[in-house]
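Reviewing the structure listed below.
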Amino acid sequence: MKAAPFQYHDPASINEAIELLGRLENAKILAGGQSLMAMLNMRYAQPDHVVDINSIADLSYIREENGALVIGAMTRQRDLEFSDLVHRVCPILHEAIQHVGHRQTRNRGTVGGSLCHLDPSAELAAMAALHDATLTMTGPQGSRELPFKEFALGFMTPALEMDEILTTIRIECWPQDHGYGFLEFARRHGDFAVASAGALLTVDAKGIIDRARLAIGGVGAVAARVELAEKTLLGKPPSEATFEEAARACRSLDALDDIHAPASYRLHLAETLARRALAKAAVKLKSGGES
Ligand SMILES: Cc1cc2nc3c(=O)[nH]c(=O)nc-3n(C[C@H](O)[C@H](O)[C@H](O)COP(=O)(O)OP(=O)(O)OC[C@H]3O[C@@H](n4cnc5c(N)ncnc54)[C@H](O)[C@@H]3O)c2cc1C
């Protein structure tokens with residue numbers, strides 16, 4: 001099939017794009033096009049106007065600011081993959097991005113496009129959940145910030161107004177000596193994951209876990225932290241028994257049930273991947289966080 005007819009717009013600045021989005025009826029933003037083009041061609045989306053934000057150079061950057069990684073929404077996934085800064089200050093993001101599609105899709109696909117598309121299995125959404133990323137949206141009324149948890153309203157539903165653009169993603173970096181582990185199960189490398197798990201750990205001087213994060217993607221309608229598992233980890237040594245106990249919390253997730261996998265299988269994967277991601281994070285702890 002071919003896309004239904006639409007009018008194409010090519011703004012050169014954020015202000016110009018917002019003015020267009022505020023004025024035009026039934027407009028859609030085009031970023032990397034790796035999800036939108038398919039939706040247009042299948043006629044799942046039939047906008048009257050497509051606002052292409054690829055010419056807005058101000059939306060593409062990766063920098064470190066006050067202990068956080070700040071990423072422009074139009075940053076290509078491939079740039080994230082090859083960023084020395086990302087590798088150094090947020091190594092789990094470097095690991096996770098390599099599971100996103102294929103190098104051809106990462107060449108065009110953007111960080112912001114993935115978060116706005118909000119597929120439940122998207123690795124970048126899982127990373128945003130894991131780090132409690134802060135997202136900045138800009139519209140005619142100015143800019144506002146939302147934590148990822150409030151941005152991800154439900155199945156493929158971001159908290160974005162029709163006239164707003166996601167501009168910035170801010171990820172707080174963990175201490176240099178933290179442990180991290182990302183794992184996913186996909187039928188073939190490059191496919192969307194059936195489920196994924198990301199874990200971050202730090203230990204105190206006695207080797208006891210004093211900070212823990214666990215996020216699961218692909219299981220619920222949106223990628224999310226498993227706070228019960230995180231609480232279970234605190235105050236315990238990073239051992240197999242601790243990780244097994246914490247991973248059991250994944251059994252209570254509200255799992256999707258569709259043609260790709262029944263809910264029971266997704267829950268099994270969540271628990272298994274969580275346990276293994278935590279174990280992987282513990283190994284990184286012991287090796288001083290080096291990848
Ligand atoms: C073969 C293939 C395999 C893939 N495998 C994976 C995978 O394993 N994991 C994965 O996570 N993804 C995968 N993807 C999807 C890919 O990561 C896309 O890049 C991503 O979903 C969308 O990003 P995009 O920049 O292409 O956005 P687009 O397709 O241009 O846009 C997607 C949606 O977001 C909106 N949007 C985009 N940017 C903004 C913005 N800044 N502000 C407001 N709204 C915005 C658009 O209007 C549209 O609704 C795959 C895609 C293909 C084609």
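Just remember, in the structure tokens the first chain shown is A, the second B, etc., residues are 1-based per chain, and ligands are 1-based in the order shown.
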
Report as a ChimeraX atom specification: the residues of segment 149-275 of chain A with a DSSP assignment of strand (DSSP E or B), based on the backbone of this structure.
/A:152-154,157-158,165-172,179-185,195-203,209-217,224-225

For those residues, write C-alpha atoms to a file as an mmCIF file, in the first residue's frame.
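Now in result_36.cif:
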```cif
data_model
loop_
_atom_site.group_PDB
_atom_site.id
_atom_site.type_symbol
_atom_site.label_atom_id
_atom_site.label_comp_id
_atom_site.auth_asym_id
_atom_site.auth_seq_id
_atom_site.Cartn_x
_atom_site.Cartn_y
_atom_site.Cartn_z
ATOM 1 C CA ALA A 152 4.405 6.753 29.270
ATOM 2 C CA LEU A 153 0.638 6.917 29.778
ATOM 3 C CA GLY A 154 -0.154 3.452 28.395
ATOM 4 C CA THR A 157 0.505 6.406 24.263
ATOM 5 C CA PRO A 158 2.954 9.171 25.216
ATOM 6 C CA ILE A 165 7.700 18.241 20.230
ATOM 7 C CA LEU A 166 9.837 16.075 22.474
ATOM 8 C CA THR A 167 13.110 17.992 22.526
ATOM 9 C CA THR A 168 15.399 16.578 25.247
ATOM 10 C CA ILE A 169 16.003 13.391 27.206
ATOM 11 C CA ARG A 170 17.942 13.684 30.458
ATOM 12 C CA ILE A 171 19.432 10.607 32.110
ATOM 13 C CA GLU A 172 21.112 10.835 35.530
ATOM 14 C CA GLY A 179 27.353 -2.565 38.125
ATOM 15 C CA TYR A 180 25.005 -2.866 35.161
ATOM 16 C CA GLY A 181 23.413 -5.599 33.097
ATOM 17 C CA PHE A 182 21.055 -5.591 30.131
ATOM 18 C CA LEU A 183 19.558 -8.711 28.559
ATOM 19 C CA GLU A 184 16.728 -9.368 26.166
ATOM 20 C CA PHE A 185 15.058 -12.277 24.497
ATOM 21 C CA ALA A 195 11.020 -9.199 26.941
ATOM 22 C CA SER A 196 14.058 -7.363 28.295
ATOM 23 C CA ALA A 197 15.592 -6.594 31.679
ATOM 24 C CA GLY A 198 17.978 -3.844 32.740
ATOM 25 C CA ALA A 199 19.667 -3.718 36.153
ATOM 26 C CA LEU A 200 21.860 -1.186 37.983
ATOM 27 C CA LEU A 201 23.560 -1.815 41.331
ATOM 28 C CA THR A 202 25.921 -0.145 43.767
ATOM 29 C CA VAL A 203 27.322 -1.605 46.994
ATOM 30 C CA ILE A 209 23.673 -3.446 47.990
ATOM 31 C CA ASP A 210 22.839 0.162 48.826
ATOM 32 C CA ARG A 211 21.203 1.220 45.554
ATOM 33 C CA ALA A 212 19.345 -0.921 43.028
ATOM 34 C CA ARG A 213 17.247 -0.481 39.912
ATOM 35 C CA LEU A 214 15.463 -3.059 37.823
ATOM 36 C CA ALA A 215 13.316 -2.319 34.762
ATOM 37 C CA ILE A 216 11.439 -4.734 32.533
ATOM 38 C CA GLY A 217 10.466 -4.066 28.920
ATOM 39 C CA ALA A 224 8.648 0.108 33.884
ATOM 40 C CA ARG A 225 10.721 -0.293 37.013
#
```

Would you list the contacts of Phe148 of chain A as a PyMOL selection string, taking every protein, DNA or RNA residue within 7 Å and counting only C-alpha atoms, but skipping same-chain residues closer than 6 positions in sequence?
chain A and resi 128-129+132-135

For the structure I just gave you, how does DSSP split segment 28-267 of chain A - specifically, which residues are helix (DSSP H, G or I)? Reply as a VMD selection string.
chain A and resid 36 to 41 57 to 59 77 to 81 84 to 89 91 to 97 103 to 108 111 to 117 123 to 130 148 to 151 227 to 233 240 to 252 263 to 267

Let me see if you get this right: every residue at most 8 Å from ligand 1, counting only C-alpha atoms and all ligand atoms, written as a ChimeraX atom specification.
/A:28-38,53,73-74,76-77,99-102,105-106,108-119,121-125,137,160,164-167,189-193

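We find atom CA of Ala57 of chain A and atom CA of Tyr44 of chain A to be spaced 29.0 Å apart.
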
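Closest approach to Val51 of chain A from the set A:Asp257, A:Glu245, A:Asp204, A:Glu16 is made by A:Glu16, with distances taken over only C-alpha atoms.
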